[in-house]
file coords-v3.txt (compact mmCIF, C-alpha atoms)
# COMPACT_ATOMS: atom_id res chain seq x y z
CA MET A 3 87.14 125.08 118.68
CA PRO A 4 88.44 122.86 115.88
CA GLY A 5 86.52 122.79 112.63
CA LEU A 6 84.85 119.73 111.18
CA SER A 7 88.10 118.71 109.59
CA GLY A 8 90.12 119.54 112.70
CA ARG A 9 88.05 117.30 114.90
CA MET A 10 88.25 114.34 112.49
CA SER A 11 92.02 114.73 112.24
CA THR A 12 92.47 114.84 115.99
CA VAL A 13 90.39 111.74 116.58
CA ILE A 14 92.20 109.77 113.90
CA LYS A 15 95.63 110.81 115.11
CA ALA A 16 94.76 109.85 118.67
CA LYS A 17 93.67 106.42 117.51
CA ILE A 18 96.83 105.91 115.51
CA SER A 19 99.14 106.88 118.34
CA LYS A 20 97.24 104.59 120.65
CA LEU A 21 97.82 101.83 118.13
CA LEU A 22 101.55 102.55 117.92
CA ASP A 23 102.05 102.90 121.66
CA ARG A 24 101.43 99.23 122.09
CA ALA A 25 104.78 98.33 120.62
CA GLU A 26 108.02 99.28 122.34
CA ASP A 27 110.99 99.11 120.03
CA PRO A 28 111.03 100.35 116.42
CA SER A 29 111.13 97.03 114.65
CA GLU A 30 108.32 95.81 116.86
CA THR A 31 106.30 98.87 115.89
CA LEU A 32 106.90 98.03 112.26
CA GLU A 33 105.87 94.43 112.60
CA TYR A 34 102.91 95.21 114.80
CA SER A 35 101.67 97.86 112.43
CA TYR A 36 102.16 95.54 109.49
CA GLN A 37 100.21 92.80 111.26
CA LYS A 38 97.37 95.23 111.87
CA GLN A 39 97.33 96.20 108.23
CA ILE A 40 97.11 92.61 107.08
CA GLU A 41 94.31 92.00 109.58
CA LEU A 42 92.40 94.97 108.28
CA LEU A 43 92.82 93.79 104.72
CA GLN A 44 91.34 90.44 105.73
CA ASN A 45 88.44 92.23 107.38
CA VAL A 46 87.78 94.26 104.29
CA LYS A 47 87.66 91.07 102.26
CA LYS A 48 85.22 89.59 104.74
CA GLY A 49 83.16 92.76 104.56
CA ILE A 50 82.98 92.53 100.79
CA ALA A 51 81.90 88.91 101.03
CA ASP A 52 79.20 89.99 103.47
CA VAL A 53 77.87 92.60 101.09
CA VAL A 54 77.89 90.11 98.22
CA THR A 55 75.95 87.59 100.31
CA SER A 56 73.33 90.18 101.19
CA LYS A 57 73.04 91.18 97.58
CA LYS A 58 72.54 87.59 96.44
CA ARG A 59 69.89 87.11 99.07
CA LEU A 60 67.97 90.15 97.92
CA GLN A 61 68.30 89.05 94.33
CA LEU A 62 66.81 85.71 95.26
CA GLN A 63 63.88 87.46 96.88
CA GLU A 64 63.50 89.60 93.82
CA GLN A 65 63.25 86.51 91.66
CA LYS A 66 60.58 85.04 93.90
CA LEU A 67 58.57 88.23 93.82
CA ARG A 68 58.91 88.44 90.07
CA ASP A 69 57.50 84.92 89.76
CA GLN A 70 54.74 85.94 92.13
CA VAL A 71 53.82 88.92 89.97
CA VAL A 72 53.60 86.76 86.87
CA LYS A 73 51.54 84.18 88.72
CA LEU A 74 49.10 86.70 90.16
CA ASP A 75 48.73 88.35 86.80
CA THR A 76 47.86 85.03 85.24
CA GLN A 77 45.45 84.28 88.04
CA ALA A 78 43.74 87.60 87.61
CA ARG A 79 43.22 86.91 83.94
CA GLN A 80 41.91 83.45 84.69
CA ALA A 81 39.53 84.77 87.32
CA LEU A 82 38.24 87.47 85.03
CA ALA A 83 37.79 85.04 82.21
CA ALA A 84 35.83 82.77 84.54
CA GLY A 85 33.68 85.74 85.46
CA ASN A 86 34.90 86.13 89.02
CA GLU A 87 35.71 89.78 89.12
CA GLU A 88 36.10 89.86 92.90
CA LEU A 89 38.81 87.27 92.77
CA ALA A 90 40.52 88.99 89.87
CA ARG A 91 40.60 92.21 91.83
CA THR A 92 42.10 90.45 94.84
CA ALA A 93 44.81 88.93 92.68
CA LEU A 94 45.57 92.31 91.16
CA GLU A 95 45.79 93.91 94.59
CA ARG A 96 48.36 91.38 95.64
CA LYS A 97 50.22 91.83 92.44
CA ASN A 98 50.42 95.49 93.25
CA VAL A 99 51.89 94.86 96.68
CA ALA A 100 54.45 92.49 95.24
CA GLN A 101 55.40 95.02 92.58
CA THR A 102 55.91 97.79 95.11
CA GLU A 103 58.10 95.50 97.17
CA LEU A 104 60.01 94.56 94.04
CA GLN A 105 60.79 98.18 93.27
CA SER A 106 62.25 98.80 96.69
CA LEU A 107 64.34 95.63 96.42
CA ASP A 108 65.62 96.87 93.08
CA SER A 109 66.96 100.06 94.55
CA GLN A 110 68.50 98.21 97.48
CA VAL A 111 70.32 95.83 95.20
CA ALA A 112 71.64 98.82 93.29
CA GLN A 113 72.88 100.37 96.55
CA LEU A 114 74.63 97.18 97.57
CA GLU A 115 76.20 97.01 94.15
CA GLN A 116 77.61 100.46 94.71
CA GLN A 117 78.90 99.55 98.16
CA GLN A 118 80.59 96.49 96.80
CA GLU A 119 82.40 98.61 94.23
CA GLN A 120 83.45 101.14 96.85
CA MET A 121 84.81 98.52 99.17
CA THR A 122 86.66 96.79 96.38
CA ALA A 123 88.28 100.12 95.54
CA SER A 124 89.17 100.61 99.23
CA GLU A 125 90.70 97.18 99.34
CA GLN A 126 92.90 97.92 96.35
CA LYS A 127 93.97 101.25 97.77
CA LEU A 128 94.84 99.72 101.13
CA ARG A 129 96.73 96.93 99.42
CA ALA A 130 98.84 99.49 97.55
CA LYS A 131 99.61 101.36 100.79
CA ILE A 132 100.48 98.17 102.61
CA GLU A 133 102.82 97.15 99.83
CA GLN A 134 104.46 100.55 100.07
CA PHE A 135 104.74 100.22 103.82
CA ARG A 136 106.25 96.75 103.54
CA SER A 137 109.06 97.86 101.27
CA ARG A 138 109.73 100.96 103.33
CA LYS A 139 109.83 98.85 106.45
CA GLU A 140 112.64 96.75 105.00
CA VAL A 141 114.59 99.84 103.97
CA ILE A 142 114.20 101.40 107.41
CA LYS A 143 115.33 98.26 109.17
CA ALA A 144 118.38 97.93 106.95
CA GLN A 145 119.54 101.53 106.80
CA TYR A 146 118.83 103.45 109.95
CA SER A 147 119.99 103.46 113.51
CA ALA A 148 117.36 102.89 116.13
CA ALA A 149 116.86 106.59 116.88
CA GLU A 150 116.48 107.63 113.25
CA ALA A 151 114.38 104.63 112.49
CA GLN A 152 111.91 105.60 115.18
CA VAL A 153 111.15 108.89 113.43
CA ARG A 154 110.77 107.38 110.01
CA ILE A 155 108.74 104.50 111.30
CA SER A 156 106.27 106.74 112.99
CA GLU A 157 105.89 108.79 109.79
CA ALA A 158 105.24 105.74 107.69
CA ALA A 159 103.05 104.18 110.32
CA THR A 160 100.99 107.33 110.70
CA GLY A 161 100.49 107.51 106.95
CA VAL A 162 99.40 103.93 106.63
CA GLY A 163 97.54 104.14 109.93
CA GLU A 164 95.43 106.95 108.61
CA GLU A 165 94.63 104.93 105.53
CA MET A 166 93.68 102.04 107.78
CA ALA A 167 91.43 104.20 109.91
CA ASP A 168 89.80 105.53 106.78
CA VAL A 169 89.25 102.12 105.21
CA GLY A 170 87.90 100.97 108.57
CA LEU A 171 85.45 103.85 108.58
CA ALA A 172 84.36 103.23 104.99
CA MET A 173 83.83 99.57 105.77
CA GLN A 174 81.90 100.31 108.93
CA ARG A 175 79.55 102.61 107.06
CA ALA A 176 79.02 100.15 104.23
CA LEU A 177 78.31 97.34 106.66
CA ASP A 178 75.89 99.47 108.69
CA LYS A 179 73.90 100.15 105.57
CA THR A 180 74.01 96.48 104.61
CA GLU A 181 72.81 95.58 108.08
CA ASN A 182 69.78 97.82 107.64
CA MET A 183 68.96 96.17 104.38
CA LYS A 184 69.33 92.74 105.90
CA ALA A 185 66.80 93.68 108.55
CA ARG A 186 64.46 94.79 105.82
CA ALA A 187 65.03 91.65 103.79
CA ASP A 188 64.20 89.64 106.89
CA ALA A 189 60.99 91.59 107.30
CA VAL A 190 60.00 90.91 103.70
CA GLN A 191 60.77 87.26 104.15
CA GLU A 192 58.60 87.14 107.25
CA LEU A 193 55.77 88.73 105.31
CA GLU A 194 56.21 86.10 102.68
CA ALA A 195 56.32 83.28 105.20
CA ALA A 196 53.17 84.62 106.80
CA GLY A 197 51.52 84.35 103.40
CA THR A 198 51.07 88.05 102.89
CA PHE A 199 51.52 87.81 99.19
CA GLU A 200 49.47 84.67 99.04
CA ASP A 201 46.67 85.81 101.26
CA LEU A 202 46.62 89.55 101.42
CA THR A 203 42.96 90.22 101.87
CA GLN A 204 40.66 88.13 103.96
CA LEU A 205 38.58 85.90 101.79
CA GLY A 206 36.30 85.01 104.63
CA ALA A 207 36.74 82.47 107.35
CA GLY A 208 35.50 79.31 105.70
CA GLU A 209 36.70 80.06 102.24
CA ASP A 210 39.55 78.58 100.33
CA ASP A 211 42.60 80.60 99.51
CA ILE A 212 43.02 82.18 96.15
CA ASP A 213 45.19 79.42 94.80
CA ARG A 214 42.71 76.72 95.60
CA GLN A 215 39.78 78.68 94.30
CA LEU A 216 41.57 79.27 91.08
CA ARG A 217 42.61 75.67 90.82
CA GLU A 218 39.02 74.61 91.23
CA LEU A 219 37.94 77.09 88.66
CA SER A 220 40.51 76.10 86.15
CA SER A 221 40.16 72.36 86.68
CA GLY A 222 36.38 72.59 86.54
CA ASN A 223 36.13 74.88 83.60
CA GLU A 224 39.41 74.39 81.94
CA VAL A 225 37.84 74.48 78.54
CA ASP A 226 35.57 77.36 79.50
CA ALA A 227 38.53 79.33 80.81
CA GLU A 228 40.40 78.67 77.66
CA LEU A 229 37.41 79.79 75.67
CA ALA A 230 36.82 82.94 77.70
CA LYS A 231 40.43 83.88 77.39
CA MET A 232 40.22 83.45 73.69
CA LYS A 233 37.06 85.50 73.57
CA ALA A 234 38.72 88.22 75.60
CA GLU A 235 41.65 88.19 73.27
CA LEU A 236 39.42 88.43 70.24
CA GLY A 237 37.44 91.31 71.61
CA SER A 238 36.96 92.20 75.22
CA GLY A 239 33.57 92.66 76.80
CA GLY A 240 31.62 90.45 74.40
CA GLY A 241 30.69 86.82 74.92
CA GLY A 242 28.36 84.94 77.17
CA ALA A 243 30.67 85.05 80.19
CA ALA A 244 30.29 88.77 80.63
CA GLY A 245 26.53 88.48 80.26
CA GLU A 246 26.19 85.83 82.92
CA LEU A 247 28.16 87.87 85.40
CA GLY A 248 26.41 91.08 84.56
CA ALA A 249 27.36 91.15 88.21
CA GLY A 250 30.09 93.75 88.00
CA GLU A 251 28.67 95.51 91.03
CA PRO A 252 27.83 92.87 93.61
CA ALA A 253 29.41 95.00 96.29
CA GLY A 254 27.15 97.91 95.37
CA ALA A 255 24.14 95.67 95.54
CA GLU A 256 24.92 94.85 99.13
CA GLN A 257 25.32 98.47 100.03
CA GLN A 258 22.01 99.51 98.57
CA ALA A 259 20.39 97.88 101.57
CA GLY A 260 21.70 100.86 103.49
CA PRO A 261 19.03 103.23 104.78
CA SER A 262 20.10 106.56 103.32
CA GLN A 263 19.65 105.64 99.67
CA GLY A 264 16.30 103.98 99.91
CA GLN A 265 14.66 106.65 101.99
CA GLY A 266 16.16 109.67 100.37
CA SER A 267 14.02 109.41 97.24
CA MET B 22 98.46 120.98 102.75
CA ILE B 23 97.05 117.48 102.50
CA VAL B 24 93.33 117.11 103.02
CA ARG B 25 91.61 113.76 103.26
CA ILE B 26 87.96 113.34 102.45
CA ALA B 27 87.14 110.39 104.70
CA THR B 28 86.23 107.18 102.82
CA GLU B 29 87.34 108.85 99.58
CA GLY B 30 91.04 109.74 99.59
CA GLN B 31 93.72 112.40 99.96
CA TYR B 32 94.12 115.66 98.05
CA GLU B 33 96.94 118.16 98.12
CA LEU B 34 96.01 121.84 98.30
CA THR B 35 98.26 124.85 97.70
CA GLU B 36 98.82 127.36 100.52
CA SER B 37 96.41 129.90 99.06
CA ASP B 38 93.77 127.25 98.47
CA ALA B 39 94.23 126.15 102.06
CA GLU B 40 93.02 129.55 103.22
CA VAL B 41 89.87 129.37 101.13
CA PHE B 42 89.40 125.85 102.44
CA ASN B 43 89.58 127.09 106.00
CA GLY B 44 86.90 129.69 105.37
CA LEU B 45 84.57 127.10 103.88
CA ASP B 46 85.26 124.71 106.73
CA ASN B 47 84.33 127.40 109.25
CA GLN B 48 81.05 128.01 107.47
CA ALA B 49 80.13 124.34 107.73
CA VAL B 50 81.00 124.40 111.42
CA ALA B 51 78.96 127.56 112.02
CA ALA B 52 75.94 125.95 110.35
CA CYS B 53 76.37 122.93 112.59
CA GLU B 54 76.52 125.06 115.69
CA THR B 55 73.42 127.04 114.87
CA GLY B 56 71.60 123.82 113.99
CA ASP B 57 70.94 124.99 110.44
CA GLU B 58 70.81 121.67 108.64
CA GLU B 59 70.11 123.04 105.19
CA HIS B 60 72.96 125.50 105.38
CA PHE B 61 75.27 122.79 106.69
CA HIS B 62 74.59 120.52 103.72
CA SER B 63 75.14 123.29 101.19
CA ALA B 64 78.30 124.53 102.94
CA PHE B 65 79.68 121.01 103.24
CA ALA B 66 78.91 120.26 99.60
CA GLU B 67 80.71 123.47 98.67
CA LEU B 68 83.71 122.42 100.75
CA LEU B 69 83.90 118.99 99.07
CA LYS B 70 83.53 120.54 95.65
CA PHE B 71 86.38 122.92 96.39
CA VAL B 72 88.74 120.17 97.55
CA ARG B 73 87.93 117.87 94.64
CA GLY B 74 88.14 120.68 92.13
CA ASN B 75 91.29 122.41 93.36
CA GLY B 76 93.26 119.64 95.04
CA GLN B 77 95.65 117.20 93.41
CA ARG B 78 94.93 113.55 94.15
CA VAL B 79 97.73 112.13 96.31
CA PRO B 80 99.15 109.01 94.60
CA GLU B 81 98.35 105.64 96.17
CA ASP B 82 101.98 104.83 96.89
CA ARG B 83 102.63 107.89 99.01
CA LEU B 84 102.47 107.23 102.71
CA GLU B 85 101.77 110.59 104.23
CA PRO B 86 99.45 111.61 107.01
CA SER B 87 96.89 114.32 106.24
CA ASP B 88 96.91 117.75 107.81
CA VAL B 89 93.15 117.72 108.03
CA ILE B 90 90.48 115.12 107.54
CA LEU B 91 86.97 115.88 106.36
CA PRO B 92 84.01 113.70 107.32
CA PRO B 93 82.71 111.29 104.67
CA PRO B 94 80.68 112.86 101.83
CA ASP B 95 77.53 111.07 102.99
CA VAL B 96 77.82 112.37 106.55
CA SER B 97 74.45 113.13 108.10
CA PHE B 98 73.69 116.31 109.99
CA GLU B 99 73.37 114.32 113.20
CA GLU B 100 76.78 112.76 112.70
CA ALA B 101 78.35 116.10 111.86
CA LYS B 102 76.99 117.58 115.06
CA ALA B 103 78.29 114.62 117.05
CA GLU B 104 81.73 115.39 115.65
CA PHE B 105 82.00 118.21 118.16
CA THR B 106 80.86 116.42 121.21
CA GLY B 107 80.76 112.64 121.17
CA GLU B 108 83.09 109.93 120.02
CA GLY B 109 83.14 111.20 116.44
CA LEU B 110 82.74 109.01 113.41
CA ILE B 111 85.72 106.76 113.73
CA PRO B 112 84.85 103.39 115.18
CA GLY B 113 86.94 102.11 118.07

call {"tool": "encode", "arguments": {"input": "coords-v3.txt", "output": "C-alpha cells"}}
result
Amino acid sequence: MPGLSGRMSTVIKAKISKLLDRAEDPSETLEYSYQKQIELLQNVKKGIADVVTSKKRLQLQEQKLRDQVVKLDTQARQALAAGNEELARTALERKNVAQTELQSLDSQVAQLEQQQEQMTASEQKLRAKIEQFRSRKEVIKAQYSAAEAQVRISEAATGVGEEMADVGLAMQRALDKTENMKARADAVQELEAAGTFEDLTQLGAGEDDIDRQLRELSSGNEVDAELAKMKAELGSGGGGAAGELGAGEPAGAEQQAGPSQGQGS
Amino acid sequence: MIVRIATEGQYELTESDAEVFNGLDNQAVAACETGDEEHFHSAFAELLKFVRGNGQRVPEDRLEPSDVILPPPDVSFEEAKAEFTGEGLIPG
C-alpha cells in the first residue's frame, strides 16, 4: 500500500499523463501543454479577484457593524440619561451581538488576506515555471529530432504539469474556504436585512422600534437628555433623573406578584 | 529525492534523509489506518518539519517532477483518510 505521499504522487502523475495523451505529436504536446498553462494562470488570476471581492464585501459589512455599534452605544447612553433603563439594556444587548459578529468578521478578513497572499505567491511561481517551459519548448523544437524531443517534452511537461496540478489544488482549497465565508457573509446579511441588529428583542406587539422610541425621547426631551448626559458626566448616579426612575427594578416588581415569595414569609 | 509539499513547493532530500522520510511517512499512514487522528496530526507535522528542515528548496526555474508528493499542510484527517480510498485531493 502506498504511503500518503505515494498516493498523492500517483494521482497527480495519472492526471498529467491523461492531460498529455490528448495531443499526438511532440510539438502539439508542447503547444497544448502551454495552452493549458496559460489557461490555468488566467484561472488563478480570476481566483485571486474572487478572493479580493469577498474580502471587500466582508470589510463593507464590518464597517456597517462598526457604525451600528457606535449608534447602539449612543442610544444606550441616551436611553439611560432619559431614565429608560429597559431600553438602554436592549440597546446594549444588541451592541453585544453586533460586536460578536464583528469579531468573527475580523478573523475571516484576516484569513482571506492570507489566502490572497498565498494565491499571489502561487501565481508568481507558476508564471516562473511557465516562462521556463516556454523557453525550453523553443529549444526542444529547434534542436531535437522527433524521437528525442518526445522524451524531453514529456519531462518538461511533467514538471510543469505537476506545478499546474499543485497550483490548481491550492486554488481549489482557497476558493472552497472563500465559498464558506461567502455563505456566512450572506447569512449575516440576511440577519441584517431581517432587522436582527435593529430589532433583536421583542419590544411588544404595539410598540415602536428602538429607533423611533429614542427619536421621540430625544426630540421631546432634547434639552433634558443633554442635561442628564452632562449630569452623568459630572458625576454618575446623582441628579433628579435617577430619583424619578428609582425604578431600576421594574422587572422585579412584576415578579413579586408570584406566589412563592408572598406566601413563604 | 524530490519531495513536494502540496500547495507549498518542492524540496530536495539526500538519500539518507529519504530513508528517514520514508519512516515518518509510514507512521502517518499507520495512524490514518488505525483511525488515530491525534497521532496522525503529530506524525504528519513531524514529517513536514523534517522535509522543511532538511530539504533544499528546489529553485523556481527548475522543471522537474517530484518523486513523492505530500498532502497540503492543512490537510484534514478526513481528507488524509480519503487519500487511500477515494478520488484523493486533486480536483478533476

call {"tool": "interface_residues", "arguments": {"input": "coords-v3.txt", "of": "chain A", "to": "chain B", "cutoff": "10 Å", "atoms": "all atoms listed in the file", "output": "number ranges by chain"}}
result
A: 3-15, 17, 120-121, 123-124, 126-135, 138, 157-165, 167-175

call {"tool": "atom_distance", "arguments": {"input": "coords-v3.txt", "atom1": "atom CA of A:Thr102", "atom2": "atom CA of A:Glu88"}}
result
21.5 Å

call {"tool": "atom_distance", "arguments": {"input": "coords-v3.txt", "atom1": "atom CA of A:Glu140", "atom2": "atom CA of A:Leu42"}}
result
20.6 Å

call {"tool": "atom_distance", "arguments": {"input": "coords-v3.txt", "atom1": "atom CA of A:Leu32", "atom2": "atom CA of A:Lys139"}}
result
6.6 Å

call {"tool": "build_atoms", "arguments": {"input": "coords-v3.txt", "residues": "stretch 77-88 of chain B", "atoms": "all heavy atoms", "output": "mmCIF file, keeping the file's coordinate frame"}}
result
data_model
loop_
_atom_site.group_PDB
_atom_site.id
_atom_site.type_symbol
_atom_site.label_atom_id
_atom_site.label_comp_id
_atom_site.auth_asym_id
_atom_site.auth_seq_id
_atom_site.Cartn_x
_atom_site.Cartn_y
_atom_site.Cartn_z
ATOM 1 N N GLN B 77 95.028 118.254 94.227
ATOM 2 C CA GLN B 77 95.650 117.200 93.410
ATOM 3 C C GLN B 77 95.490 115.883 94.153
ATOM 4 O O GLN B 77 95.846 115.807 95.334
ATOM 5 C CB GLN B 77 97.150 117.469 93.236
ATOM 6 C CG GLN B 77 97.509 118.578 92.290
ATOM 7 C CD GLN B 77 97.392 118.145 90.844
ATOM 8 O OE1 GLN B 77 97.270 116.948 90.566
ATOM 9 N NE2 GLN B 77 97.409 119.103 89.932
ATOM 10 N N ARG B 78 95.028 114.858 93.490
ATOM 11 C CA ARG B 78 94.930 113.550 94.150
ATOM 12 C C ARG B 78 96.323 113.098 94.592
ATOM 13 O O ARG B 78 97.259 113.173 93.808
ATOM 14 C CB ARG B 78 94.417 112.505 93.155
ATOM 15 C CG ARG B 78 92.902 112.173 93.092
ATOM 16 C CD ARG B 78 92.172 112.132 94.352
ATOM 17 N NE ARG B 78 92.067 110.850 95.032
ATOM 18 C CZ ARG B 78 90.950 110.129 95.065
ATOM 19 N NH1 ARG B 78 89.883 110.496 94.417
ATOM 20 N NH2 ARG B 78 90.898 109.033 95.761
ATOM 21 N N VAL B 79 96.449 112.652 95.829
ATOM 22 C CA VAL B 79 97.730 112.130 96.310
ATOM 23 C C VAL B 79 97.869 110.694 95.812
ATOM 24 O O VAL B 79 96.945 109.902 95.976
ATOM 25 C CB VAL B 79 97.792 112.163 97.859
ATOM 26 C CG1 VAL B 79 99.049 111.490 98.367
ATOM 27 C CG2 VAL B 79 97.713 113.607 98.361
ATOM 28 N N PRO B 80 98.997 110.367 95.158
ATOM 29 C CA PRO B 80 99.150 109.010 94.600
ATOM 30 C C PRO B 80 99.052 107.920 95.665
ATOM 31 O O PRO B 80 99.403 108.153 96.824
ATOM 32 C CB PRO B 80 100.539 109.023 93.977
ATOM 33 C CG PRO B 80 101.033 110.402 94.030
ATOM 34 C CD PRO B 80 100.161 111.214 94.927
ATOM 35 N N GLU B 81 98.579 106.756 95.245
ATOM 36 C CA GLU B 81 98.350 105.640 96.170
ATOM 37 C C GLU B 81 99.621 105.214 96.914
ATOM 38 O O GLU B 81 99.555 104.732 98.039
ATOM 39 C CB GLU B 81 97.824 104.411 95.407
ATOM 40 C CG GLU B 81 96.568 104.639 94.584
ATOM 41 C CD GLU B 81 95.343 104.865 95.439
ATOM 42 O OE1 GLU B 81 95.168 104.118 96.406
ATOM 43 O OE2 GLU B 81 94.583 105.800 95.156
ATOM 44 N N ASP B 82 100.769 105.369 96.273
ATOM 45 C CA ASP B 82 101.980 104.830 96.890
ATOM 46 C C ASP B 82 102.695 105.842 97.780
ATOM 47 O O ASP B 82 103.822 105.625 98.205
ATOM 48 C CB ASP B 82 102.927 104.279 95.810
ATOM 49 C CG ASP B 82 103.359 105.340 94.829
ATOM 50 O OD1 ASP B 82 102.896 106.491 94.951
ATOM 51 O OD2 ASP B 82 104.164 105.028 93.937
ATOM 52 N N ARG B 83 102.031 106.954 98.057
ATOM 53 C CA ARG B 83 102.630 107.890 99.010
ATOM 54 C C ARG B 83 102.049 107.630 100.392
ATOM 55 O O ARG B 83 100.842 107.513 100.543
ATOM 56 C CB ARG B 83 102.325 109.334 98.589
ATOM 57 C CG ARG B 83 103.608 110.109 98.228
ATOM 58 C CD ARG B 83 103.283 111.449 97.680
ATOM 59 N NE ARG B 83 103.088 112.450 98.732
ATOM 60 C CZ ARG B 83 102.679 113.701 98.473
ATOM 61 N NH1 ARG B 83 102.411 114.070 97.243
ATOM 62 N NH2 ARG B 83 102.535 114.559 99.458
ATOM 63 N N LEU B 84 102.927 107.553 101.360
ATOM 64 C CA LEU B 84 102.470 107.230 102.710
ATOM 65 C C LEU B 84 102.546 108.441 103.610
ATOM 66 O O LEU B 84 103.412 108.540 104.453
ATOM 67 C CB LEU B 84 103.359 106.139 103.315
ATOM 68 C CG LEU B 84 103.003 104.683 103.071
ATOM 69 C CD1 LEU B 84 103.961 103.790 103.833
ATOM 70 C CD2 LEU B 84 101.583 104.394 103.485
ATOM 71 N N GLU B 85 101.663 109.392 103.417
ATOM 72 C CA GLU B 85 101.770 110.590 104.230
ATOM 73 C C GLU B 85 100.493 110.863 104.997
ATOM 74 O O GLU B 85 99.401 110.723 104.458
ATOM 75 C CB GLU B 85 102.089 111.777 103.334
ATOM 76 C CG GLU B 85 103.429 112.389 103.668
ATOM 77 C CD GLU B 85 103.848 113.329 102.579
ATOM 78 O OE1 GLU B 85 104.181 112.851 101.480
ATOM 79 O OE2 GLU B 85 103.817 114.543 102.827
ATOM 80 N N PRO B 86 100.654 111.262 106.251
ATOM 81 C CA PRO B 86 99.450 111.610 107.010
ATOM 82 C C PRO B 86 98.853 112.929 106.491
ATOM 83 O O PRO B 86 99.569 113.770 105.950
ATOM 84 C CB PRO B 86 99.966 111.787 108.440
ATOM 85 C CG PRO B 86 101.434 111.925 108.346
ATOM 86 C CD PRO B 86 101.888 111.359 107.039
ATOM 87 N N SER B 87 97.559 113.091 106.673
ATOM 88 C CA SER B 87 96.890 114.320 106.240
ATOM 89 C C SER B 87 97.019 115.388 107.299
ATOM 90 O O SER B 87 97.153 115.097 108.480
ATOM 91 C CB SER B 87 95.409 114.045 105.993
ATOM 92 O OG SER B 87 95.240 112.912 105.202
ATOM 93 N N ASP B 88 96.948 116.641 106.844
ATOM 94 C CA ASP B 88 96.910 117.750 107.810
ATOM 95 C C ASP B 88 95.507 117.864 108.391
ATOM 96 O O ASP B 88 95.335 118.134 109.566
ATOM 97 C CB ASP B 88 97.321 119.042 107.120
ATOM 98 C CG ASP B 88 98.760 118.960 106.627
ATOM 99 O OD1 ASP B 88 99.649 118.841 107.482
ATOM 100 O OD2 ASP B 88 98.970 118.975 105.395
#
